>>> print(open('start.cif').read())   # mmCIF, C-alpha atoms
data_target
loop_
_atom_site.group_PDB
_atom_site.id
_atom_site.type_symbol
_atom_site.label_atom_id
_atom_site.label_comp_id
_atom_site.auth_asym_id
_atom_site.auth_seq_id
_atom_site.Cartn_x
_atom_site.Cartn_y
_atom_site.Cartn_z
ATOM 1 C CA MET A 1 84.559 136.157 94.644
ATOM 2 C CA GLN A 2 82.823 139.449 95.323
ATOM 3 C CA ASP A 3 79.394 140.668 94.301
ATOM 4 C CA SER A 4 79.503 142.656 91.045
ATOM 5 C CA ARG A 5 77.893 146.031 91.521
ATOM 6 C CA ILE A 6 78.086 148.857 88.993
ATOM 7 C CA PRO A 7 81.851 149.251 88.378
ATOM 8 C CA PRO A 8 83.583 152.635 88.175
ATOM 9 C CA PHE A 9 84.739 153.878 84.796
ATOM 10 C CA THR A 10 88.533 153.996 84.591
ATOM 11 C CA LEU A 11 90.921 155.337 81.966
ATOM 12 C CA ALA A 12 92.208 151.802 81.446
ATOM 13 C CA LEU A 13 88.955 151.055 79.610
ATOM 14 C CA LEU A 14 90.020 153.541 76.911
ATOM 15 C CA HIS A 15 93.081 151.524 75.927
ATOM 16 C CA PRO A 16 93.314 151.161 72.105
ATOM 17 C CA ARG A 17 92.878 147.387 72.331
ATOM 18 C CA TYR A 18 89.260 148.007 73.318
ATOM 19 C CA ALA A 19 88.481 150.263 70.338
ATOM 20 C CA PHE A 20 86.400 147.690 68.473
ATOM 21 C CA ASN A 21 84.479 146.844 71.645
ATOM 22 C CA TRP A 22 83.514 150.475 72.142
ATOM 23 C CA LEU A 23 82.669 150.819 68.454
ATOM 24 C CA GLY A 24 80.332 147.814 68.618
ATOM 25 C CA LEU A 25 78.662 149.003 71.814
ATOM 26 C CA GLY A 26 78.279 152.506 70.384
ATOM 27 C CA LEU A 27 76.661 151.196 67.214
ATOM 28 C CA LEU A 28 74.298 149.012 69.241
ATOM 29 C CA TRP A 29 73.366 151.970 71.468
ATOM 30 C CA LEU A 30 72.705 154.125 68.410
ATOM 31 C CA LEU A 31 70.480 151.529 66.729
ATOM 32 C CA VAL A 32 68.363 150.644 69.756
ATOM 33 C CA THR A 33 68.045 154.292 70.774
ATOM 34 C CA LEU A 34 67.001 155.714 67.411
ATOM 35 C CA LEU A 35 65.077 152.919 65.697
ATOM 36 C CA PRO A 36 61.498 151.930 66.548
ATOM 37 C CA TRP A 37 61.052 148.475 68.084
ATOM 38 C CA ARG A 38 59.336 146.880 65.096
ATOM 39 C CA LEU A 39 62.127 147.950 62.767
ATOM 40 C CA GLN A 40 64.701 146.578 65.188
ATOM 41 C CA MET A 41 62.919 143.220 65.172
ATOM 42 C CA ALA A 42 62.753 143.206 61.363
ATOM 43 C CA LEU A 43 66.466 143.930 61.137
ATOM 44 C CA GLY A 44 67.115 141.275 63.774
ATOM 45 C CA ARG A 45 65.257 138.625 61.812
ATOM 46 C CA GLY A 46 67.239 139.507 58.705
ATOM 47 C CA LEU A 47 70.491 139.393 60.635
ATOM 48 C CA GLY A 48 69.491 136.009 62.016
ATOM 49 C CA ARG A 49 68.840 134.592 58.558
ATOM 50 C CA LEU A 50 72.241 135.854 57.455
ATOM 51 C CA SER A 51 73.892 134.224 60.478
ATOM 52 C CA MET A 52 72.596 130.842 59.314
ATOM 53 C CA ARG A 53 74.913 131.151 56.305
ATOM 54 C CA LEU A 54 77.891 132.177 58.431
ATOM 55 C CA LEU A 55 77.533 130.014 61.553
ATOM 56 C CA LYS A 56 77.235 126.567 60.030
ATOM 57 C CA SER A 57 78.532 124.738 63.118
ATOM 58 C CA ARG A 58 75.931 126.455 65.322
ATOM 59 C CA VAL A 59 73.207 125.649 62.809
ATOM 60 C CA ASN A 60 74.209 121.985 63.021
ATOM 61 C CA ILE A 61 74.144 122.068 66.835
ATOM 62 C CA ALA A 62 70.716 123.681 66.908
ATOM 63 C CA ARG A 63 69.363 121.243 64.314
ATOM 64 C CA ARG A 64 70.707 118.291 66.331
ATOM 65 C CA ASN A 65 69.185 119.655 69.545
ATOM 66 C CA LEU A 66 65.794 119.918 67.865
ATOM 67 C CA GLU A 67 66.112 116.336 66.572
ATOM 68 C CA LEU A 68 66.896 115.088 70.071
ATOM 69 C CA ALA A 69 64.353 117.219 71.924
ATOM 70 C CA LEU A 70 61.416 117.241 69.510
ATOM 71 C CA PRO A 71 61.361 113.920 67.613
ATOM 72 C CA GLU A 72 57.565 114.145 67.401
ATOM 73 C CA GLN A 73 57.955 116.981 64.885
ATOM 74 C CA SER A 74 58.492 116.215 61.221
ATOM 75 C CA GLU A 75 61.794 117.221 59.623
ATOM 76 C CA ARG A 76 59.966 120.032 57.836
ATOM 77 C CA GLU A 77 58.517 121.330 61.113
ATOM 78 C CA ARG A 78 61.925 121.256 62.794
ATOM 79 C CA GLU A 79 63.517 123.129 59.887
ATOM 80 C CA HIS A 80 60.818 125.784 60.243
ATOM 81 C CA THR A 81 61.586 126.037 63.963
ATOM 82 C CA LEU A 82 65.309 126.192 63.188
ATOM 83 C CA LYS A 83 64.883 129.129 60.819
ATOM 84 C CA ALA A 84 62.648 130.960 63.288
ATOM 85 C CA ASN A 85 65.187 130.229 66.021
ATOM 86 C CA PHE A 86 67.994 131.937 64.128
ATOM 87 C CA GLU A 87 65.743 134.872 63.372
ATOM 88 C CA SER A 88 65.273 135.069 67.126
ATOM 89 C CA VAL A 89 69.060 134.984 67.587
ATOM 90 C CA GLY A 90 69.282 138.137 65.460
ATOM 91 C CA CYS A 91 66.520 139.796 67.468
ATOM 92 C CA ALA A 92 68.384 138.943 70.679
ATOM 93 C CA ILE A 93 71.241 141.248 69.675
ATOM 94 C CA PHE A 94 68.880 144.219 69.614
ATOM 95 C CA GLU A 95 67.124 142.994 72.772
ATOM 96 C CA THR A 96 70.429 142.970 74.613
ATOM 97 C CA GLY A 97 70.906 146.595 73.641
ATOM 98 C CA MET A 98 67.370 147.413 74.734
ATOM 99 C CA ALA A 99 67.937 145.742 78.108
ATOM 100 C CA TRP A 100 71.225 147.561 78.653
ATOM 101 C CA PHE A 101 70.450 151.000 77.265
ATOM 102 C CA TRP A 102 66.736 151.760 77.247
ATOM 103 C CA PRO A 103 65.274 154.030 79.960
ATOM 104 C CA HIS A 104 62.644 152.590 82.289
ATOM 105 C CA TRP A 105 59.717 154.323 80.589
ATOM 106 C CA ARG A 106 60.514 152.854 77.197
ATOM 107 C CA MET A 107 61.001 149.373 78.616
ATOM 108 C CA ARG A 108 57.678 149.544 80.467
ATOM 109 C CA ALA A 109 55.912 150.568 77.259
ATOM 110 C CA ILE A 110 56.581 147.189 75.622
ATOM 111 C CA THR A 111 56.325 145.008 78.756
ATOM 112 C CA ARG A 112 53.189 143.214 79.874
ATOM 113 C CA MET A 113 53.616 141.695 83.347
ATOM 114 C CA GLU A 114 51.684 138.605 84.331
ATOM 115 C CA GLY A 115 51.803 137.018 87.787
ATOM 116 C CA THR A 116 53.159 139.897 89.869
ATOM 117 C CA GLU A 117 50.755 138.865 92.628
ATOM 118 C CA HIS A 118 53.106 135.945 93.369
ATOM 119 C CA VAL A 119 55.920 138.414 94.004
ATOM 120 C CA ASP A 120 53.691 140.501 96.247
ATOM 121 C CA ALA A 121 52.712 137.411 98.251
ATOM 122 C CA ALA A 122 56.349 136.428 98.783
ATOM 123 C CA VAL A 123 57.301 139.943 99.866
ATOM 124 C CA ALA A 124 54.397 140.069 102.306
ATOM 125 C CA LYS A 125 55.640 136.840 103.908
ATOM 126 C CA GLY A 126 59.251 138.003 104.016
ATOM 127 C CA GLN A 127 60.372 135.250 101.636
ATOM 128 C CA GLY A 128 63.381 135.182 99.382
ATOM 129 C CA MET A 129 62.476 134.437 95.753
ATOM 130 C CA LEU A 130 64.383 131.981 93.588
ATOM 131 C CA LEU A 131 63.419 133.036 90.062
ATOM 132 C CA LEU A 132 63.688 129.798 88.099
ATOM 133 C CA SER A 133 64.412 130.909 84.554
ATOM 134 C CA ALA A 134 66.005 129.489 81.397
ATOM 135 C CA HIS A 135 68.280 130.486 78.542
ATOM 136 C CA PHE A 136 65.666 131.998 76.318
ATOM 137 C CA LEU A 137 67.116 134.385 73.748
ATOM 138 C CA THR A 138 65.187 137.099 75.606
ATOM 139 C CA LEU A 139 67.100 136.414 78.831
ATOM 140 C CA GLU A 140 68.686 139.887 79.002
ATOM 141 C CA LEU A 141 65.205 141.400 78.978
ATOM 142 C CA ASN A 142 63.901 138.948 81.566
ATOM 143 C CA ALA A 143 65.925 140.224 84.512
ATOM 144 C CA ARG A 144 65.633 143.853 83.363
ATOM 145 C CA GLN A 145 61.846 143.637 83.190
ATOM 146 C CA PHE A 146 61.498 141.856 86.516
ATOM 147 C CA GLY A 147 63.649 144.575 88.073
ATOM 148 C CA LEU A 148 61.164 147.189 86.906
ATOM 149 C CA TYR A 149 58.682 145.625 89.316
ATOM 150 C CA ARG A 150 61.079 144.664 92.070
ATOM 151 C CA PRO A 151 64.883 144.988 91.783
ATOM 152 C CA GLY A 152 66.616 141.666 92.303
ATOM 153 C CA VAL A 153 69.983 139.928 92.060
ATOM 154 C CA GLY A 154 71.335 138.225 88.941
ATOM 155 C CA VAL A 155 73.576 135.181 88.599
ATOM 156 C CA TYR A 156 76.073 135.553 85.758
ATOM 157 C CA ARG A 157 79.398 134.553 84.255
ATOM 158 C CA PRO A 158 81.947 137.418 84.382
ATOM 159 C CA ASN A 159 83.443 138.452 81.039
ATOM 160 C CA THR A 160 87.228 138.381 80.691
ATOM 161 C CA ASN A 161 87.087 141.462 78.446
ATOM 162 C CA ALA A 162 87.156 144.515 80.735
ATOM 163 C CA VAL A 163 84.957 146.696 78.495
ATOM 164 C CA LEU A 164 82.343 144.001 77.895
ATOM 165 C CA GLU A 165 82.326 143.230 81.616
ATOM 166 C CA TYR A 166 81.795 146.916 82.382
ATOM 167 C CA ALA A 167 78.929 147.136 79.871
ATOM 168 C CA GLN A 168 77.391 143.854 81.040
ATOM 169 C CA VAL A 169 77.318 144.753 84.724
ATOM 170 C CA GLN A 170 76.243 148.346 84.011
ATOM 171 C CA GLY A 171 73.433 147.123 81.767
ATOM 172 C CA ARG A 172 72.220 144.287 83.954
ATOM 173 C CA CYS A 173 72.157 146.492 87.033
ATOM 174 C CA ARG A 174 70.092 149.140 85.269
ATOM 175 C CA SER A 175 66.966 148.063 87.148
ATOM 176 C CA ASN A 176 68.458 145.505 89.543
ATOM 177 C CA LYS A 177 70.711 145.517 92.595
ATOM 178 C CA TYR A 178 73.876 143.599 91.748
ATOM 179 C CA LEU A 179 75.222 140.427 90.131
ATOM 180 C CA VAL A 180 76.667 137.276 91.687
ATOM 181 C CA ASP A 181 79.281 135.106 89.994
ATOM 182 C CA ARG A 182 77.706 131.759 89.050
ATOM 183 C CA LEU A 183 80.424 130.042 91.134
ATOM 184 C CA ASN A 184 79.663 132.135 94.217
ATOM 185 C CA ILE A 185 77.165 129.869 95.976
ATOM 186 C CA LYS A 186 77.583 131.724 99.275
ATOM 187 C CA GLY A 187 76.623 134.964 97.568
ATOM 188 C CA MET A 188 73.461 133.372 96.157
ATOM 189 C CA LEU A 189 72.488 131.961 99.539
ATOM 190 C CA LYS A 190 73.074 135.343 101.159
ATOM 191 C CA ALA A 191 70.765 137.076 98.674
ATOM 192 C CA LEU A 192 67.938 134.627 99.352
ATOM 193 C CA ARG A 193 68.369 134.836 103.127
ATOM 194 C CA GLN A 194 68.082 138.611 102.867
ATOM 195 C CA GLY A 195 64.732 138.254 101.112
ATOM 196 C CA ASP A 196 65.963 139.215 97.650
ATOM 197 C CA ALA A 197 64.799 137.843 94.310
ATOM 198 C CA LEU A 198 67.603 135.770 92.749
ATOM 199 C CA TRP A 199 67.538 135.161 88.965
ATOM 200 C CA TYR A 200 68.806 131.642 88.206
ATOM 201 C CA ALA A 201 68.907 129.608 84.973
ATOM 202 C CA PRO A 202 70.008 125.975 85.500
ATOM 203 C CA ASP A 203 69.099 124.610 82.056
ATOM 204 C CA HIS A 204 72.521 124.414 80.386
ATOM 205 C CA ASP A 205 74.765 121.342 80.436
ATOM 206 C CA TYR A 206 77.492 122.061 83.000
ATOM 207 C CA GLY A 207 79.057 118.601 82.968
ATOM 208 C CA ARG A 208 78.949 115.796 85.492
ATOM 209 C CA HIS A 209 79.848 117.817 88.570
ATOM 210 C CA ALA A 210 76.838 118.255 90.879
ATOM 211 C CA SER A 211 74.552 116.884 88.161
ATOM 212 C CA VAL A 212 72.115 114.025 87.750
ATOM 213 C CA PHE A 213 70.800 112.411 84.570
ATOM 214 C CA VAL A 214 67.059 112.997 84.219
ATOM 215 C CA PRO A 215 64.579 113.534 81.367
ATOM 216 C CA PHE A 216 64.494 116.830 79.488
ATOM 217 C CA PHE A 217 62.202 116.880 76.477
ATOM 218 C CA ALA A 218 62.645 113.528 74.672
ATOM 219 C CA VAL A 219 66.156 112.971 76.020
ATOM 220 C CA GLU A 220 65.763 110.525 78.893
ATOM 221 C CA GLN A 221 69.215 111.113 80.384
ATOM 222 C CA ALA A 222 70.083 114.814 80.233
ATOM 223 C CA ALA A 223 72.742 116.102 82.628
ATOM 224 C CA THR A 224 70.953 118.502 84.990
ATOM 225 C CA ILE A 225 72.564 120.390 87.851
ATOM 226 C CA THR A 226 71.189 119.950 91.353
ATOM 227 C CA GLY A 227 71.821 123.551 92.403
ATOM 228 C CA THR A 228 68.199 124.620 91.935
ATOM 229 C CA ALA A 229 67.019 122.466 94.822
ATOM 230 C CA THR A 230 70.037 123.469 96.910
ATOM 231 C CA LEU A 231 69.074 127.129 96.641
ATOM 232 C CA ALA A 232 65.366 126.404 97.073
ATOM 233 C CA ARG A 233 66.114 124.761 100.432
ATOM 234 C CA VAL A 234 67.176 128.102 101.922
ATOM 235 C CA LYS A 235 64.850 128.941 104.798
ATOM 236 C CA LYS A 236 61.840 131.055 103.811
ATOM 237 C CA THR A 237 62.543 130.789 100.085
ATOM 238 C CA VAL A 238 59.891 130.331 97.425
ATOM 239 C CA THR A 239 60.649 129.193 93.852
ATOM 240 C CA LEU A 240 58.893 131.255 91.174
ATOM 241 C CA PRO A 241 59.300 130.298 87.490
ATOM 242 C CA CYS A 242 60.008 133.492 85.554
ATOM 243 C CA PHE A 243 60.340 133.889 81.778
ATOM 244 C CA THR A 244 60.093 136.569 79.093
ATOM 245 C CA LEU A 245 58.325 135.717 75.831
ATOM 246 C CA ARG A 246 58.480 137.859 72.699
ATOM 247 C CA GLU A 247 55.045 138.630 71.256
ATOM 248 C CA LYS A 248 53.777 140.585 68.248
ATOM 249 C CA ASP A 249 53.483 143.881 70.072
ATOM 250 C CA GLY A 250 56.145 143.560 72.781
ATOM 251 C CA TYR A 251 57.010 141.151 75.569
ATOM 252 C CA ARG A 252 55.208 139.173 78.237
ATOM 253 C CA LEU A 253 56.995 138.831 81.563
ATOM 254 C CA LEU A 254 55.504 135.604 82.872
ATOM 255 C CA ILE A 255 55.848 135.001 86.624
ATOM 256 C CA GLN A 256 54.268 131.689 87.541
ATOM 257 C CA PRO A 257 52.950 130.468 90.913
ATOM 258 C CA PRO A 258 55.403 128.917 93.381
ATOM 259 C CA ILE A 259 56.370 125.355 92.471
ATOM 260 C CA ALA A 260 54.356 123.073 94.747
ATOM 261 C CA ASN A 261 56.178 120.519 96.906
ATOM 262 C CA PHE A 262 59.598 121.739 95.843
ATOM 263 C CA PRO A 263 62.168 120.763 96.845
ATOM 264 C CA VAL A 264 61.405 117.346 98.318
ATOM 265 C CA GLY A 265 65.013 116.599 99.213
ATOM 266 C CA ASP A 266 65.757 114.019 96.530
ATOM 267 C CA ASP A 267 68.160 115.301 93.856
ATOM 268 C CA VAL A 268 66.669 113.232 91.049
ATOM 269 C CA THR A 269 63.046 114.071 91.843
ATOM 270 C CA ASP A 270 63.815 117.757 92.256
ATOM 271 C CA ALA A 271 65.825 117.918 89.018
ATOM 272 C CA ILE A 272 62.938 116.265 87.162
ATOM 273 C CA THR A 273 60.544 118.850 88.572
ATOM 274 C CA SER A 274 62.676 121.839 87.568
ATOM 275 C CA ASN A 275 63.213 120.382 84.081
ATOM 276 C CA GLN A 276 59.484 119.877 83.641
ATOM 277 C CA VAL A 277 58.791 123.496 84.557
ATOM 278 C CA ILE A 278 61.448 124.787 82.164
ATOM 279 C CA GLU A 279 60.358 122.456 79.355
ATOM 280 C CA ALA A 280 56.747 123.601 79.667
ATOM 281 C CA ALA A 281 57.885 127.221 79.331
ATOM 282 C CA ILE A 282 60.057 126.476 76.294
ATOM 283 C CA ARG A 283 57.159 124.744 74.560
ATOM 284 C CA LEU A 284 55.270 128.063 74.705
ATOM 285 C CA ALA A 285 57.800 129.491 72.223
ATOM 286 C CA PRO A 286 60.410 126.872 71.236
ATOM 287 C CA GLU A 287 61.863 129.127 68.543
ATOM 288 C CA GLN A 288 62.901 131.606 71.255
ATOM 289 C CA TYR A 289 65.069 129.143 73.190
ATOM 290 C CA MET A 290 68.888 129.028 72.971
ATOM 291 C CA TRP A 291 69.224 125.795 70.989
ATOM 292 C CA LEU A 292 72.729 126.820 69.865
ATOM 293 C CA HIS A 293 74.222 125.394 73.066
ATOM 294 C CA ARG A 294 75.209 121.691 73.230
ATOM 295 C CA ARG A 295 72.547 121.035 75.841
ATOM 296 C CA PHE A 296 72.927 117.248 75.711
ATOM 297 C CA LYS A 297 76.712 116.921 75.389
ATOM 298 C CA THR A 298 77.313 115.113 78.701
ATOM 299 C CA THR A 299 76.212 111.488 78.587
ATOM 300 C CA PRO A 300 76.101 108.634 81.103
ATOM 301 C CA GLU A 301 78.608 105.820 80.780
ATOM 302 C CA GLY A 302 77.811 103.636 77.790
ATOM 303 C CA VAL A 303 75.800 106.313 75.977
ATOM 304 C CA PRO A 304 77.553 107.656 72.838
ATOM 305 C CA TYR A 305 78.283 111.351 72.352
ATOM 306 C CA ARG A 306 75.218 112.983 70.842
ATOM 307 C CA TYR A 307 76.838 115.558 68.540
#
>>> encode(input="start.cif", output="structure tokens")
Amino acid sequence: MQDSRIPPFTLALLHPRYAFNWLGLGLLWLLVTLLPWRLQMALGRGLGRLSMRLLKSRVNIARRNLELALPEQSEREREHTLKANFESVGCAIFETGMAWFWPHWRMRAITRMEGTEHVDAAVAKGQGMLLLSAHFLTLELNARQFGLYRPGVGVYRPNTNAVLEYAQVQGRCRSNKYLVDRLNIKGMLKALRQGDALWYAPDHDYGRHASVFVPFFAVEQAATITGTATLARVKKTVTLPCFTLREKDGYRLLIQPPIANFPVGDDVTDAITSNQVIEAAIRLAPEQYMWLHRRFKTTPEGVPYRY
């Protein structure tokens, strides 16, 4: 597996089978280029409400996740969060276009950075930075905005569609260096050893492999990968939580202080710590998290399937 840098454009990408892909990307480019941000967000919220009628299975998954994760909320409160979550899903479509197509000056105009002193401190010490992030619906903006301050390296899943892969890599490298396949552990380690900032989101359920069962929200046994601590153990690496939150007038890029006493060398303890950091960030804006994913699908022996 090789690092994914900006790929060359080839005539093969113009094959007729990709016509609808280009049409969709062109429409997205047109909308995010011409429309003001507030109108894009209004359209996104409307699109999200419409998607609730069309994506019934995803609505059920998100509703179940909220039941499992936030039992302290009343059913009415969770339904309010669910609706706001799907509005955020609609906004995320426009935010992907913004992250991929907007020029630097326009992105800076709606970005408020908080905690950049932690990046400066790591650079001054020659440390690699593991950016502990999560699957917020603003995730495309997160890496783009961090790259405006200091270009880094992203971890991603390659797309099997050649045009979407071209657009994804081109867009995500707009203010960053290159991407690393999520299966390319050696590539991640190399980036950290070279003193780069590595964007990493370990909060999805990736099955039993290299995972432990630890608390995440109200779920006491949530499958959590141990890769965060593995990467954090790289010599001269500091772990900085990094998230992007949508606000009324733009976005807040939140870079938090290095996680203290992390890693300690125990997979369970370290997974609990990373989950606690991610959970605390999600609670700042739970409606902006990607609840559509079956986060709690993998269960220990004897525990019934949760969906």
>>> residues_around(input="start.cif", residues="Ser175 (chain A)", least_positions_apart="5", cutoff="9 Å", atoms="all atoms listed in the file", output="number ranges by chain")
A: 104, 143-152
>>> closest_residue(input="start.cif", among="A:Gln73, A:Asn261, A:Thr237, A:Thr298", to="Ala121 (chain A)", atoms="only C-alpha atoms")
A:Thr237
>>> resolve_selection(input="start.cif", expression="the PyMOL selection byres ((chain A and resi 55-58) around 12)", output="count of residues only")
25
>>> closest_residue(input="start.cif", among="A:Cys173, A:Ala229, A:Ala210, A:Val234", to="Glu140 (chain A)", atoms="all atoms listed in the file")
A:Cys173
>>> resolve_selection(input="start.cif", expression="the PyMOL selection byres ((chain A and resi 276) around 12)", output="PyMOL selection string")
chain A and resi 132+134+203+214-218+224+241+259+269-275+277-283
>>> write_last_selection(input="start.cif", atoms="C-alpha atoms", output="PDB file, in the frame of the given file")
ATOM      1  CA  LEU A 132      63.688 129.798  88.099  1.00  0.00           C
ATOM      2  CA  ALA A 134      66.005 129.489  81.397  1.00  0.00           C
ATOM      3  CA  ASP A 203      69.099 124.610  82.056  1.00  0.00           C
ATOM      4  CA  VAL A 214      67.059 112.997  84.219  1.00  0.00           C
ATOM      5  CA  PRO A 215      64.579 113.534  81.367  1.00  0.00           C
ATOM      6  CA  PHE A 216      64.494 116.830  79.488  1.00  0.00           C
ATOM      7  CA  PHE A 217      62.202 116.880  76.477  1.00  0.00           C
ATOM      8  CA  ALA A 218      62.645 113.528  74.672  1.00  0.00           C
ATOM      9  CA  THR A 224      70.953 118.502  84.990  1.00  0.00           C
ATOM     10  CA  PRO A 241      59.300 130.298  87.490  1.00  0.00           C
ATOM     11  CA  ILE A 259      56.370 125.355  92.471  1.00  0.00           C
ATOM     12  CA  THR A 269      63.046 114.071  91.843  1.00  0.00           C
ATOM     13  CA  ASP A 270      63.815 117.757  92.256  1.00  0.00           C
ATOM     14  CA  ALA A 271      65.825 117.918  89.018  1.00  0.00           C
ATOM     15  CA  ILE A 272      62.938 116.265  87.162  1.00  0.00           C
ATOM     16  CA  THR A 273      60.544 118.850  88.572  1.00  0.00           C
ATOM     17  CA  SER A 274      62.676 121.839  87.568  1.00  0.00           C
ATOM     18  CA  ASN A 275      63.213 120.382  84.081  1.00  0.00           C
ATOM     19  CA  VAL A 277      58.791 123.496  84.557  1.00  0.00           C
ATOM     20  CA  ILE A 278      61.448 124.787  82.164  1.00  0.00           C
ATOM     21  CA  GLU A 279      60.358 122.456  79.355  1.00  0.00           C
ATOM     22  CA  ALA A 280      56.747 123.601  79.667  1.00  0.00           C
ATOM     23  CA  ALA A 281      57.885 127.221  79.331  1.00  0.00           C
ATOM     24  CA  ILE A 282      60.057 126.476  76.294  1.00  0.00           C
ATOM     25  CA  ARG A 283      57.159 124.744  74.560  1.00  0.00           C
TER      26      ARG A 283
END
>>> resolve_selection(input="start.cif", expression="the PyMOL selection byres ((chain A and resi 99) around 8)", output="ChimeraX atom specification")
/A:95-98,100-102,107,140-141,144,171-172
>>> atom_distance(input="start.cif", atom1="CA of Phe296 (chain A)", atom2="CA of Ala223 (chain A)")
7.0 Å
>>> residues_around(input="start.cif", residues="Arg17 (chain A)", least_positions_apart="4", cutoff="12 Å", atoms="only C-alpha atoms", output="list of chain:residue names")
A:Ala12, A:Leu13, A:Asn21, A:Trp22, A:Leu23, A:Asn161, A:Ala162, A:Val163
>>> atom_distance(input="start.cif", atom1="CA of Trp37 (chain A)", atom2="CA of Asn176 (chain A)")
22.9 Å
>>> residues_around(input="start.cif", residues="region 111-116 of chain A", least_positions_apart="2", cutoff="10 Å", atoms="only C-alpha atoms", output="PyMOL selection string")
chain A and resi 106-109+118-121+141+145-146+148-150+240+242+244-247+249-257
>>> axis_aligned_box(input="start.cif", around="region 42-54 of chain A", padding_each_side="6 Å", output="JSON")
{"center_x": 70.3, "center_y": 137.4, "center_z": 60.0, "size_x": 27.1, "size_y": 25.1, "size_z": 19.5}
>>> residues_around(input="start.cif", residues="region 167-170 of chain A", least_positions_apart="3", cutoff="8 Å", atoms="all atoms listed in the file", output="short mmCIF file (atom, residue, chain, number, x, y, z; two decimals) with C-alpha atoms, in the coordinates of the input")
data_model
loop_
_atom_site.label_atom_id
_atom_site.label_comp_id
_atom_site.auth_asym_id
_atom_site.auth_seq_id
_atom_site.Cartn_x
_atom_site.Cartn_y
_atom_site.Cartn_z
CA SER A 4 79.50 142.66 91.04
CA ARG A 5 77.89 146.03 91.52
CA ILE A 6 78.09 148.86 88.99
CA PRO A 7 81.85 149.25 88.38
CA TRP A 100 71.22 147.56 78.65
CA VAL A 163 84.96 146.70 78.50
CA LEU A 164 82.34 144.00 77.90
CA CYS A 173 72.16 146.49 87.03
CA ARG A 174 70.09 149.14 85.27
CA TYR A 178 73.88 143.60 91.75
CA LEU A 179 75.22 140.43 90.13
#
>>> residues_around(input="start.cif", residues="Gly126 (chain A)", least_positions_apart="4", cutoff="12 Å", atoms="all atoms listed in the file", output="ChimeraX atom specification")
/A:119-122,192-197,235-238
>>> atom_distance(input="start.cif", atom1="CA of Leu130 (chain A)", atom2="CA of Lys186 (chain A)")
14.4 Å
>>> closest_residue(input="start.cif", among="A:Val264, A:Cys91, A:Val180, A:Met129", to="Gly46 (chain A)", atoms="all atoms listed in the file")
A:Cys91
>>> closest_residue(input="start.cif", among="A:His135, A:Val303, A:Ala92, A:Ala124", to="Gln221 (chain A)", atoms="only C-alpha atoms")
A:Val303
>>> closest_residue(input="start.cif", among="A:Leu14, A:Arg295, A:Asp266, A:Glu79", to="Thr228 (chain A)", atoms="all atoms listed in the file")
A:Asp266
>>> closest_residue(input="start.cif", among="A:Pro258, A:Pro263, A:Gly128, A:Gly90", to="Leu198 (chain A)", atoms="all atoms listed in the file")
A:Gly128
